[in-house]
$ cat protein33.pdb   # PDB, C-alpha atoms
MODEL        1
ATOM      1  CA  MET E   1      20.775   5.457 -28.443
ATOM      2  CA  ASP E   2      19.074   8.844 -28.352
ATOM      3  CA  LEU E   3      15.324   8.342 -28.666
ATOM      4  CA  ASP E   4      14.684  11.792 -30.149
ATOM      5  CA  THR E   5      17.067  10.930 -32.970
ATOM      6  CA  VAL E   6      15.355   7.572 -33.520
ATOM      7  CA  ARG E   7      11.962   9.306 -33.503
ATOM      8  CA  THR E   8      13.232  11.763 -36.120
ATOM      9  CA  PHE E   9      14.447   8.871 -38.291
ATOM     10  CA  VAL E  10      11.041   7.139 -38.139
ATOM     11  CA  ALA E  11       9.211  10.386 -38.953
ATOM     12  CA  ALA E  12      11.471  11.021 -41.957
ATOM     13  CA  ALA E  13      11.056   7.431 -43.152
ATOM     14  CA  ASP E  14       7.263   7.683 -42.942
ATOM     15  CA  ALA E  15       7.097  11.122 -44.554
ATOM     16  CA  GLY E  16       9.683  10.476 -47.267
ATOM     17  CA  ARG E  17      10.869  14.084 -46.959
ATOM     18  CA  PHE E  18      12.955  15.775 -44.295
ATOM     19  CA  GLN E  19      10.891  18.939 -44.651
ATOM     20  CA  GLU E  20       7.630  17.137 -43.812
ATOM     21  CA  ALA E  21       9.263  15.321 -40.893
ATOM     22  CA  ALA E  22      10.491  18.670 -39.583
ATOM     23  CA  ALA E  23       6.971  20.102 -39.713
ATOM     24  CA  GLU E  24       5.538  17.077 -37.900
ATOM     25  CA  LEU E  25       8.165  17.285 -35.144
ATOM     26  CA  SER E  26       8.109  21.111 -34.919
ATOM     27  CA  LEU E  27      11.789  21.267 -35.899
ATOM     28  CA  THR E  28      13.732  22.990 -38.622
ATOM     29  CA  GLN E  29      14.762  20.972 -41.642
ATOM     30  CA  GLN E  30      18.375  21.605 -40.658
ATOM     31  CA  ALA E  31      17.764  20.078 -37.213
ATOM     32  CA  VAL E  32      16.263  16.960 -38.826
ATOM     33  CA  SER E  33      19.267  16.648 -41.146
ATOM     34  CA  LYS E  34      21.679  16.977 -38.212
ATOM     35  CA  ARG E  35      19.863  14.303 -36.200
ATOM     36  CA  ILE E  36      19.822  11.872 -39.116
ATOM     37  CA  ALA E  37      23.519  12.527 -39.761
ATOM     38  CA  ALA E  38      24.336  11.905 -36.097
ATOM     39  CA  LEU E  39      22.407   8.618 -36.165
ATOM     40  CA  GLU E  40      24.196   7.523 -39.323
ATOM     41  CA  ARG E  41      27.582   8.304 -37.753
ATOM     42  CA  GLY E  42      26.672   6.312 -34.676
ATOM     43  CA  LEU E  43      25.542   3.307 -36.698
ATOM     44  CA  GLY E  44      28.290   3.595 -39.295
ATOM     45  CA  VAL E  45      25.895   3.277 -42.242
ATOM     46  CA  ARG E  46      23.837   5.449 -44.593
ATOM     47  CA  LEU E  47      20.135   5.364 -43.798
ATOM     48  CA  PHE E  48      18.778   7.646 -46.514
ATOM     49  CA  THR E  49      19.542   8.457 -50.099
ATOM     50  CA  ARG E  50      18.579  11.931 -51.301
ATOM     51  CA  THR E  51      16.559  11.878 -54.534
ATOM     52  CA  PRO E  52      14.610  14.497 -56.492
ATOM     53  CA  ARG E  53      11.462  13.052 -54.886
ATOM     54  CA  GLY E  54      12.792  13.437 -51.320
ATOM     55  CA  ALA E  55      14.617  10.958 -49.096
ATOM     56  CA  GLU E  56      14.476   7.207 -49.677
ATOM     57  CA  LEU E  57      15.606   4.540 -47.241
ATOM     58  CA  THR E  58      18.727   2.639 -48.130
ATOM     59  CA  VAL E  59      18.865  -1.143 -47.604
ATOM     60  CA  ASP E  60      20.366  -0.457 -44.165
ATOM     61  CA  GLY E  61      17.646   2.067 -43.441
ATOM     62  CA  GLN E  62      14.961  -0.474 -44.349
ATOM     63  CA  ALA E  63      16.594  -3.033 -42.032
ATOM     64  CA  PHE E  64      16.815  -0.544 -39.182
ATOM     65  CA  LEU E  65      13.251   0.821 -39.461
ATOM     66  CA  PRO E  66      11.288  -2.003 -37.710
ATOM     67  CA  HIS E  67      13.794  -2.013 -34.844
ATOM     68  CA  ALA E  68      13.536   1.763 -34.552
ATOM     69  CA  ARG E  69       9.754   1.480 -34.276
ATOM     70  CA  GLU E  70      10.134  -1.176 -31.567
ATOM     71  CA  LEU E  71      12.544   1.075 -29.646
ATOM     72  CA  LEU E  72       9.943   3.843 -29.577
ATOM     73  CA  CYS E  73       7.191   1.416 -28.544
ATOM     74  CA  ALA E  74       9.383   0.051 -25.741
ATOM     75  CA  ALA E  75      10.082   3.577 -24.524
ATOM     76  CA  GLU E  76       6.350   4.350 -24.450
ATOM     77  CA  ARG E  77       5.604   1.136 -22.535
ATOM     78  CA  ALA E  78       8.319   1.994 -20.020
ATOM     79  CA  ALA E  79       6.915   5.489 -19.474
ATOM     80  CA  ALA E  80       3.341   4.188 -19.244
ATOM     81  CA  SER E  81       4.316   1.696 -16.536
ATOM     82  CA  VAL E  82       5.041   4.540 -14.096
ATOM     83  CA  ARG E  83       2.697   7.203 -15.401
ATOM     84  CA  PRO E  84       0.345   8.308 -12.581
ATOM     85  CA  GLY E  85      -2.899   6.400 -12.790
ATOM     86  CA  SER E  86      -1.585   3.761 -15.177
ATOM     87  CA  ARG E  87      -0.384   1.370 -12.472
ATOM     88  CA  PRO E  88      -2.282  -0.147  -9.536
ATOM     89  CA  LEU E  89      -2.467   1.739  -6.246
ATOM     90  CA  ARG E  90      -0.215  -0.247  -3.911
ATOM     91  CA  VAL E  91      -1.377  -0.317  -0.279
ATOM     92  CA  ASP E  92       0.067  -2.156   2.718
ATOM     93  CA  VAL E  93      -2.158  -3.803   5.346
ATOM     94  CA  LEU E  94      -0.913  -5.720   8.373
ATOM     95  CA  ALA E  95      -2.925  -8.888   7.696
ATOM     96  CA  SER E  96      -5.400 -10.205   5.151
ATOM     97  CA  ARG E  97      -8.229 -10.372   7.725
ATOM     98  CA  SER E  98      -7.515  -7.051   9.409
ATOM     99  CA  ALA E  99      -9.808  -4.047   9.617
ATOM    100  CA  ALA E 100      -7.543  -2.288   7.119
ATOM    101  CA  SER E 101      -7.973  -5.160   4.669
ATOM    102  CA  SER E 102     -11.758  -4.923   5.079
ATOM    103  CA  ALA E 103     -11.567  -1.182   4.414
ATOM    104  CA  MET E 104      -9.644  -1.858   1.193
ATOM    105  CA  ARG E 105     -12.243  -4.423   0.111
ATOM    106  CA  ASP E 106     -14.977  -1.836   0.688
ATOM    107  CA  PHE E 107     -12.995   0.703  -1.339
ATOM    108  CA  HIS E 108     -12.628  -1.776  -4.193
ATOM    109  CA  ARG E 109     -16.368  -2.497  -4.201
ATOM    110  CA  ALA E 110     -17.074   1.241  -4.259
ATOM    111  CA  HIS E 111     -14.498   1.903  -7.003
ATOM    112  CA  PRO E 112     -14.182  -1.301  -9.067
ATOM    113  CA  GLY E 113     -12.383   0.525 -11.861
ATOM    114  CA  THR E 114      -9.437   1.409  -9.624
ATOM    115  CA  GLU E 115      -6.664  -1.161  -9.852
ATOM    116  CA  LEU E 116      -5.246  -2.206  -6.481
ATOM    117  CA  ASP E 117      -2.216  -4.106  -5.293
ATOM    118  CA  VAL E 118      -2.623  -4.986  -1.600
ATOM    119  CA  VAL E 119       0.501  -6.212   0.193
ATOM    120  CA  THR E 120       1.536  -6.976   3.776
ATOM    121  CA  LEU E 121       4.722  -5.602   5.317
ATOM    122  CA  PHE E 122       5.651  -6.574   8.857
ATOM    123  CA  GLU E 123       7.546  -3.586  10.246
ATOM    124  CA  ILE E 124       6.562   0.072  10.124
ATOM    125  CA  GLU E 125      10.158   0.954   9.206
ATOM    126  CA  ALA E 126       9.882  -1.205   6.086
ATOM    127  CA  ALA E 127       6.553   0.394   5.184
ATOM    128  CA  VAL E 128       7.891   3.937   5.611
ATOM    129  CA  ALA E 129      11.013   3.113   3.576
ATOM    130  CA  ALA E 130       8.839   1.676   0.798
ATOM    131  CA  ILE E 131       6.616   4.768   0.782
ATOM    132  CA  ARG E 132       9.660   7.044   0.578
ATOM    133  CA  SER E 133      11.232   5.005  -2.237
ATOM    134  CA  GLY E 134       8.009   4.980  -4.245
ATOM    135  CA  THR E 135       7.478   1.199  -4.183
ATOM    136  CA  LEU E 136       4.438   1.645  -1.923
ATOM    137  CA  ASP E 137       1.695   4.266  -2.114
ATOM    138  CA  ALA E 138       0.153   3.963   1.346
ATOM    139  CA  SER E 139       0.194   1.904   4.526
ATOM    140  CA  PHE E 140      -2.205   1.311   7.412
ATOM    141  CA  ARG E 141      -0.331   1.699  10.724
ATOM    142  CA  ALA E 142      -0.722   2.911  14.302
ATOM    143  CA  VAL E 143       1.281   6.130  14.653
ATOM    144  CA  THR E 144       3.252   7.540  16.203
ATOM    145  CA  ALA E 145       4.744   5.139  18.744
ATOM    146  CA  PRO E 146       7.182   6.616  21.292
ATOM    147  CA  GLY E 147      10.656   7.124  19.876
ATOM    148  CA  ARG E 148       9.465   6.615  16.299
ATOM    149  CA  PRO E 149       8.758  10.017  14.772
ATOM    150  CA  LEU E 150       7.765   9.902  11.127
ATOM    151  CA  PRO E 151       9.943  11.634   8.516
ATOM    152  CA  GLU E 152       8.664  15.057   7.501
ATOM    153  CA  ASP E 153       7.856  13.884   3.974
ATOM    154  CA  ILE E 154       5.432  11.240   5.276
ATOM    155  CA  ALA E 155       1.845  12.411   5.806
ATOM    156  CA  TYR E 156      -0.735  10.522   7.822
ATOM    157  CA  ALA E 157      -4.342  10.632   8.889
ATOM    158  CA  ARG E 158      -6.017   8.577  11.587
ATOM    159  CA  VAL E 159      -8.890   6.937   9.763
ATOM    160  CA  LEU E 160     -10.318   4.169  11.912
ATOM    161  CA  ASP E 161     -10.576   3.076  15.552
ATOM    162  CA  GLU E 162     -11.171  -0.655  15.956
ATOM    163  CA  PRO E 163     -12.756  -1.699  19.287
ATOM    164  CA  LEU E 164     -11.161  -4.686  20.993
ATOM    165  CA  GLN E 165     -13.353  -7.555  22.123
ATOM    166  CA  LEU E 166     -12.559 -10.277  24.658
ATOM    167  CA  PHE E 167     -12.789 -13.902  23.577
ATOM    168  CA  THR E 168     -13.012 -16.748  26.081
ATOM    169  CA  GLY E 169     -13.965 -20.397  26.165
ATOM    170  CA  PRO E 170     -17.251 -21.594  27.735
ATOM    171  CA  ALA E 171     -15.524 -22.589  30.995
ATOM    172  CA  HIS E 172     -13.788 -19.241  31.572
ATOM    173  CA  ALA E 173     -14.763 -17.254  34.688
ATOM    174  CA  LEU E 174     -16.079 -14.399  32.486
ATOM    175  CA  ALA E 175     -17.825 -16.582  29.911
ATOM    176  CA  THR E 176     -21.351 -15.646  31.008
ATOM    177  CA  ALA E 177     -20.706 -11.901  31.313
ATOM    178  CA  GLY E 178     -22.701  -9.649  29.008
ATOM    179  CA  SER E 179     -19.788  -7.194  29.061
ATOM    180  CA  VAL E 180     -16.689  -6.641  31.139
ATOM    181  CA  ARG E 181     -15.015  -3.485  32.418
ATOM    182  CA  LEU E 182     -11.445  -3.077  31.257
ATOM    183  CA  ALA E 183     -10.112  -2.728  34.826
ATOM    184  CA  ASP E 184     -11.878  -5.981  35.805
ATOM    185  CA  LEU E 185      -9.624  -7.929  33.453
ATOM    186  CA  ALA E 186      -6.698  -7.449  35.844
ATOM    187  CA  GLY E 187      -5.623 -10.852  37.135
ATOM    188  CA  HIS E 188      -6.921 -12.748  34.093
ATOM    189  CA  ARG E 189      -4.444 -14.289  31.646
ATOM    190  CA  ILE E 190      -4.780 -12.723  28.199
ATOM    191  CA  TRP E 191      -2.827 -14.701  25.635
ATOM    192  CA  MET E 192      -1.673 -12.901  22.473
ATOM    193  CA  PRO E 193       1.224 -14.718  20.756
ATOM    194  CA  GLY E 194       1.080 -12.300  17.816
ATOM    195  CA  VAL E 195       2.379  -9.364  19.877
ATOM    196  CA  VAL E 196       5.974  -8.997  18.685
ATOM    197  CA  PRO E 197       8.360  -6.772  20.685
ATOM    198  CA  GLY E 198       9.443  -3.643  18.824
ATOM    199  CA  THR E 199       6.293  -3.314  16.702
ATOM    200  CA  GLU E 200       3.783  -0.498  16.952
ATOM    201  CA  TRP E 201       1.083  -2.900  18.149
ATOM    202  CA  ALA E 202       3.438  -4.084  20.929
ATOM    203  CA  ALA E 203       3.787  -0.435  22.013
ATOM    204  CA  TYR E 204      -0.010  -0.187  22.078
ATOM    205  CA  TYR E 205      -0.433  -3.237  24.310
ATOM    206  CA  ASP E 206       2.467  -2.206  26.553
ATOM    207  CA  ASP E 207       0.583   1.001  27.349
ATOM    208  CA  LEU E 208      -2.677  -0.892  27.822
ATOM    209  CA  VAL E 209      -0.991  -3.220  30.343
ATOM    210  CA  ALA E 210       0.687  -0.356  32.181
ATOM    211  CA  GLU E 211      -2.475   1.739  32.546
ATOM    212  CA  PHE E 212      -4.941  -0.972  33.549
ATOM    213  CA  GLY E 213      -2.729  -3.570  35.254
ATOM    214  CA  LEU E 214      -3.487  -6.312  32.752
ATOM    215  CA  THR E 215      -1.523  -9.499  32.165
ATOM    216  CA  ILE E 216      -0.852 -10.075  28.469
ATOM    217  CA  GLU E 217       1.256 -13.104  27.587
ATOM    218  CA  ALA E 218       2.920 -13.203  24.187
ATOM    219  CA  THR E 219       4.694 -16.537  24.660
ATOM    220  CA  GLY E 220       4.526 -19.440  22.242
ATOM    221  CA  PRO E 221       4.463 -19.641  18.442
ATOM    222  CA  ASN E 222       1.915 -17.633  16.511
ATOM    223  CA  PHE E 223      -0.098 -20.040  14.349
ATOM    224  CA  GLY E 224      -2.668 -17.411  13.391
ATOM    225  CA  SER E 225      -6.048 -16.316  14.692
ATOM    226  CA  ASP E 226      -7.825 -19.607  13.908
ATOM    227  CA  ALA E 227      -5.458 -21.666  16.073
ATOM    228  CA  LEU E 228      -5.471 -18.983  18.792
ATOM    229  CA  LEU E 229      -9.276 -19.035  19.079
ATOM    230  CA  GLU E 230      -9.333 -22.837  19.179
ATOM    231  CA  THR E 231      -6.838 -22.853  22.063
ATOM    232  CA  VAL E 232      -8.715 -20.153  23.975
ATOM    233  CA  ALA E 233     -12.009 -21.997  23.500
ATOM    234  CA  ASP E 234     -10.494 -25.181  24.974
ATOM    235  CA  THR E 235      -8.518 -23.566  27.847
ATOM    236  CA  PRO E 236     -10.564 -22.213  30.800
ATOM    237  CA  ALA E 237      -7.729 -20.032  32.121
ATOM    238  CA  LEU E 238      -7.064 -18.150  28.880
ATOM    239  CA  ALA E 239      -8.682 -15.197  27.124
ATOM    240  CA  THR E 240      -7.570 -13.066  24.203
ATOM    241  CA  PHE E 241      -8.289  -9.735  22.543
ATOM    242  CA  MET E 242      -9.444  -9.555  18.923
ATOM    243  CA  GLY E 243     -10.389  -6.516  16.866
ATOM    244  CA  GLY E 244     -14.112  -6.087  16.432
ATOM    245  CA  LEU E 245     -13.672  -5.326  12.725
ATOM    246  CA  THR E 246     -11.305  -8.238  12.046
ATOM    247  CA  ARG E 247     -12.737 -11.069   9.954
ATOM    248  CA  LEU E 248     -12.547 -14.235  12.063
ATOM    249  CA  VAL E 249     -13.256 -17.907  11.530
ATOM    250  CA  ARG E 250     -14.647 -19.086  14.845
ATOM    251  CA  PRO E 251     -14.156 -22.731  15.831
ATOM    252  CA  GLU E 252     -17.413 -24.654  15.604
ATOM    253  CA  GLY E 253     -18.771 -26.650  18.501
ATOM    254  CA  ARG E 254     -16.435 -25.214  21.119
ATOM    255  CA  GLY E 255     -18.699 -22.599  22.670
ATOM    256  CA  LEU E 256     -16.364 -19.649  22.074
ATOM    257  CA  ARG E 257     -17.611 -16.464  23.759
ATOM    258  CA  CYS E 258     -17.230 -12.886  22.464
ATOM    259  CA  ILE E 259     -17.567 -10.278  25.229
ATOM    260  CA  PRO E 260     -17.662  -6.485  24.741
ATOM    261  CA  VAL E 261     -15.113  -4.528  26.800
ATOM    262  CA  THR E 262     -16.343  -1.283  28.377
ATOM    263  CA  ASP E 263     -15.475   1.581  30.740
ATOM    264  CA  PRO E 264     -13.452   2.368  28.633
ATOM    265  CA  THR E 265     -13.469   0.371  25.408
ATOM    266  CA  PRO E 266      -9.895  -0.088  24.185
ATOM    267  CA  VAL E 267      -9.661   0.720  20.484
ATOM    268  CA  TYR E 268      -6.781   0.081  18.142
ATOM    269  CA  PRO E 269      -6.001   3.214  16.089
ATOM    270  CA  HIS E 270      -5.532   2.699  12.371
ATOM    271  CA  ALA E 271      -3.891   5.544  10.427
ATOM    272  CA  LEU E 272      -3.127   5.830   6.727
ATOM    273  CA  LEU E 273       0.432   6.855   5.805
ATOM    274  CA  TRP E 274       1.514   8.210   2.411
ATOM    275  CA  HIS E 275       4.220  10.369   0.842
ATOM    276  CA  ARG E 276       3.320  14.049   0.625
ATOM    277  CA  ASP E 277       4.439  14.199  -3.030
ATOM    278  CA  ASN E 278       2.756  10.975  -4.186
ATOM    279  CA  PRO E 279       1.011  11.808  -7.497
ATOM    280  CA  HIS E 280      -1.138   8.670  -7.874
ATOM    281  CA  PRO E 281      -4.662   9.909  -8.675
ATOM    282  CA  ALA E 282      -6.301   7.044  -6.756
ATOM    283  CA  LEU E 283      -4.667   8.052  -3.461
ATOM    284  CA  PRO E 284      -6.938  11.100  -2.838
ATOM    285  CA  LEU E 285      -9.856   8.871  -3.842
ATOM    286  CA  LEU E 286      -8.899   6.315  -1.157
ATOM    287  CA  ARG E 287      -8.474   9.016   1.481
ATOM    288  CA  ALA E 288     -11.860  10.534   0.654
ATOM    289  CA  HIS E 289     -13.482   7.102   0.770
ATOM    290  CA  LEU E 290     -12.011   6.355   4.204
ATOM    291  CA  ALA E 291     -13.073   9.747   5.535
ATOM    292  CA  ALA E 292     -16.635   9.203   4.319
ATOM    293  CA  THR E 293     -17.206   5.536   5.160
ATOM    294  CA  THR E 294     -15.170   4.508   8.231
ATOM    295  CA  PRO E 295     -16.514   5.030  11.767
ATOM    296  CA  GLY E 296     -13.751   7.505  12.540
ATOM    297  CA  TYR E 297     -11.978   7.854  15.869
ATOM    298  CA  GLY E 298     -12.057   9.419  19.303
ATOM    299  CA  ALA E 299     -15.550   8.291  20.336
ATOM    300  CA  PRO E 300     -16.469   8.964  24.001
ATOM    301  CA  GLY E 301     -15.783   6.072  26.339
ATOM    302  CA  THR E 302     -12.876   4.714  24.357
ATOM    303  CA  TRP E 303      -9.159   4.430  25.141
ATOM    304  CA  THR E 304      -6.024   4.782  23.034
ATOM    305  CA  PRO E 305      -2.442   5.453  24.138
ATOM    306  CA  PRO E 306      -1.532   9.118  24.636
ATOM    307  CA  TRP E 307       0.998   8.967  21.809
ATOM    308  CA  THR E 308      -1.616   8.010  19.221
ATOM    309  CA  ALA E 309      -1.670  10.719  16.585
ATOM    310  CA  ALA E 310      -4.892  12.251  15.381
ATOM    311  CA  GLY E 311      -3.448  13.189  11.990
TER     312      GLY E 311
ENDMDL
END
$ encode --input "protein33.pdb" --output "structure tokens"
Amino acid sequence: MDLDTVRTFVAAADAGRFQEAAAELSLTQQAVSKRIAALERGLGVRLFTRTPRGAELTVDGQAFLPHARELLCAAERAAASVRPGSRPLRVDVLASRSAASSAMRDFHRAHPGTELDVVTLFEIEAAVAAIRSGTLDASFRAVTAPGRPLPEDIAYARVLDEPLQLFTGPAHALATAGSVRLADLAGHRIWMPGVVPGTEWAAYYDDLVAEFGLTIEATGPNFGSDALLETVADTPALATFMGGLTRLVRPEGRGLRCIPVTDPTPVYPHALLWHRDNPHPALPLLRAHLAATTPGYGAPGTWTPPWTAAG
């Protein structure tokens, strides 16, 4: 059913005259008459009776009027649901305790009036597809891994470098170190069951291993950071990397050690991805917030893979 025709019917019913409805809708009286006639033909009934006082609704017109109003209200609700600024800004973060999630929490505290919908997508391909389809406004990722160029309609900006820290148990050989050089970790077992082959973070750690001769083991099930830290705390031969900006729940009573890594400090590069034509008004606000409040990237004495994009 043509909504313009329904809107014309409601205007004529409220005004009681086709001429007044035409003025309200910026139409000619002839155009209003044609629309009403077309609606009557489609419904197979008469909706108005012409009288000396104007146009009066027939019994069928009176029955149709509340449904016509509801049609127009439904159309407005449908349009409002996708109107820029009327729906939450939908942003993807890799995990609920990640640095990206913390950045989104800071943004929400700074802009409490901005509605947010924070989701987690596993693969960068899924995130990019969602951004291109319009079901996602932005995503925090490490770009651009080798062999994975971004489509031309996807924009990005590197917004945050997260320093990695080494965690060990109290009986580990490095447990008493105030800091440790990255090259000195060669020969130590670093256990990271969350590193999944084919992901952008796997590409990051592959380069880290290749450049500094590290041993990173990704075997075993991934039960989350809490279980990983408990195992590391209880196993003298194991260590693990954790992001310095990641919110962690450390096991109590196990003597877990957190050791800064230096010369250089490996940092995980977080970039924000979005569609170049995304009209959501909160997206520029998020980008400006990240540019103003995050520590940035490329600090001296840090390391990232050569493929990491600056944006």
$ residues_around --input "protein33.pdb" --residues "E:Ala271" --least-positions-apart "2" --cutoff "8 Å" --atoms "all atoms listed in the file" --output "list of chain:residue names"
E:Phe140, E:Arg141, E:Ala142, E:Val143, E:Tyr156, E:Ala157, E:Arg158, E:Val159, E:Leu160, E:Pro269, E:Leu273, E:Gly311
$ residues_around --input "protein33.pdb" --residues "E:Pro236" --least-positions-apart "3" --cutoff "8 Å" --atoms "all atoms listed in the file" --output "count of residues only"
8
$ residues_around --input "protein33.pdb" --residues "stretch 214-219 of chain E" --least-positions-apart "2" --cutoff "6 Å" --atoms "only C-alpha atoms" --output "compact mmCIF listing (two decimals) with C-alpha atoms, in the coordinates of the input"
# COMPACT_ATOMS: atom_id res chain seq x y z
CA ALA E 186 -6.70 -7.45 35.84
CA ARG E 189 -4.44 -14.29 31.65
CA ILE E 190 -4.78 -12.72 28.20
CA TRP E 191 -2.83 -14.70 25.64
CA MET E 192 -1.67 -12.90 22.47
CA PRO E 193 1.22 -14.72 20.76
CA VAL E 195 2.38 -9.36 19.88
CA VAL E 209 -0.99 -3.22 30.34
CA PHE E 212 -4.94 -0.97 33.55
$ closest_residue --input "protein33.pdb" --among "E:Thr294, E:Thr262, E:Ser102, E:Thr304" --to "E:Arg247" --atoms "only C-alpha atoms"
E:Ser102
$ atom_distance --input "protein33.pdb" --atom1 "atom CA of E:Gly213" --atom2 "atom CA of E:Leu185"
8.4 Å
$ resolve_selection --input "protein33.pdb" --expression "the PyMOL selection byres ((chain E and resi 50-64) around 8)" --output "PyMOL selection string"
chain E and resi 12-13+16-18+45-49+65-68
$ closest_residue --input "protein33.pdb" --among "E:Pro295, E:His188, E:Ala126, E:Thr114" --to "E:Arg90" --atoms "all atoms listed in the file"
E:Thr114
$ atom_distance --input "protein33.pdb" --atom1 "atom CA of E:Leu238" --atom2 "atom CA of E:Phe167"
8.9 Å
$ build_atoms --input "protein33.pdb" --residues "stretch 5-11 of chain E" --atoms "all heavy atoms" --output "PDB file, keeping the file's coordinate frame"
ATOM      1  N   THR E   5      16.470  11.172 -31.652  1.00  0.00           N
ATOM      2  CA  THR E   5      17.067  10.930 -32.970  1.00  0.00           C
ATOM      3  C   THR E   5      16.363   9.781 -33.678  1.00  0.00           C
ATOM      4  O   THR E   5      16.077   9.848 -34.886  1.00  0.00           O
ATOM      5  CB  THR E   5      18.567  10.620 -32.809  1.00  0.00           C
ATOM      6  OG1 THR E   5      19.210  11.715 -32.182  1.00  0.00           O
ATOM      7  CG2 THR E   5      19.211  10.361 -34.159  1.00  0.00           C
ATOM      8  N   VAL E   6      16.071   8.708 -32.934  1.00  0.00           N
ATOM      9  CA  VAL E   6      15.355   7.572 -33.520  1.00  0.00           C
ATOM     10  C   VAL E   6      13.965   8.006 -33.964  1.00  0.00           C
ATOM     11  O   VAL E   6      13.480   7.622 -35.040  1.00  0.00           O
ATOM     12  CB  VAL E   6      15.276   6.419 -32.499  1.00  0.00           C
ATOM     13  CG1 VAL E   6      14.405   5.284 -33.047  1.00  0.00           C
ATOM     14  CG2 VAL E   6      16.666   5.908 -32.165  1.00  0.00           C
ATOM     15  N   ARG E   7      13.301   8.820 -33.156  1.00  0.00           N
ATOM     16  CA  ARG E   7      11.962   9.306 -33.503  1.00  0.00           C
ATOM     17  C   ARG E   7      12.010  10.160 -34.772  1.00  0.00           C
ATOM     18  O   ARG E   7      11.101  10.087 -35.620  1.00  0.00           O
ATOM     19  CB  ARG E   7      11.407  10.116 -32.330  1.00  0.00           C
ATOM     20  CG  ARG E   7       9.943  10.475 -32.467  1.00  0.00           C
ATOM     21  CD  ARG E   7       9.392  11.075 -31.181  1.00  0.00           C
ATOM     22  NE  ARG E   7       9.289  10.074 -30.116  1.00  0.00           N
ATOM     23  CZ  ARG E   7      10.104   9.977 -29.075  1.00  0.00           C
ATOM     24  NH1 ARG E   7      11.110  10.844 -28.943  1.00  0.00           N
ATOM     25  NH2 ARG E   7       9.949   9.045 -28.172  1.00  0.00           N
ATOM     26  N   THR E   8      13.061  10.936 -34.915  1.00  0.00           N
ATOM     27  CA  THR E   8      13.232  11.763 -36.120  1.00  0.00           C
ATOM     28  C   THR E   8      13.432  10.877 -37.335  1.00  0.00           C
ATOM     29  O   THR E   8      12.874  11.136 -38.426  1.00  0.00           O
ATOM     30  CB  THR E   8      14.435  12.701 -35.947  1.00  0.00           C
ATOM     31  OG1 THR E   8      14.222  13.526 -34.793  1.00  0.00           O
ATOM     32  CG2 THR E   8      14.615  13.588 -37.167  1.00  0.00           C
ATOM     33  N   PHE E   9      14.228   9.814 -37.189  1.00  0.00           N
ATOM     34  CA  PHE E   9      14.447   8.871 -38.291  1.00  0.00           C
ATOM     35  C   PHE E   9      13.131   8.242 -38.740  1.00  0.00           C
ATOM     36  O   PHE E   9      12.841   8.168 -39.944  1.00  0.00           O
ATOM     37  CB  PHE E   9      15.441   7.789 -37.860  1.00  0.00           C
ATOM     38  CG  PHE E   9      15.430   6.581 -38.745  1.00  0.00           C
ATOM     39  CD1 PHE E   9      16.030   6.606 -39.998  1.00  0.00           C
ATOM     40  CD2 PHE E   9      14.794   5.407 -38.345  1.00  0.00           C
ATOM     41  CE1 PHE E   9      16.011   5.502 -40.837  1.00  0.00           C
ATOM     42  CE2 PHE E   9      14.768   4.298 -39.160  1.00  0.00           C
ATOM     43  CZ  PHE E   9      15.367   4.337 -40.415  1.00  0.00           C
ATOM     44  N   VAL E  10      12.305   7.787 -37.790  1.00  0.00           N
ATOM     45  CA  VAL E  10      11.041   7.139 -38.139  1.00  0.00           C
ATOM     46  C   VAL E  10      10.111   8.142 -38.824  1.00  0.00           C
ATOM     47  O   VAL E  10       9.445   7.808 -39.821  1.00  0.00           O
ATOM     48  CB  VAL E  10      10.378   6.547 -36.881  1.00  0.00           C
ATOM     49  CG1 VAL E  10       8.963   6.064 -37.198  1.00  0.00           C
ATOM     50  CG2 VAL E  10      11.215   5.401 -36.332  1.00  0.00           C
ATOM     51  N   ALA E  11      10.059   9.369 -38.327  1.00  0.00           N
ATOM     52  CA  ALA E  11       9.211  10.386 -38.953  1.00  0.00           C
ATOM     53  C   ALA E  11       9.655  10.671 -40.377  1.00  0.00           C
ATOM     54  O   ALA E  11       8.827  10.825 -41.285  1.00  0.00           O
ATOM     55  CB  ALA E  11       9.238  11.660 -38.112  1.00  0.00           C
TER      56      ALA E  11
END
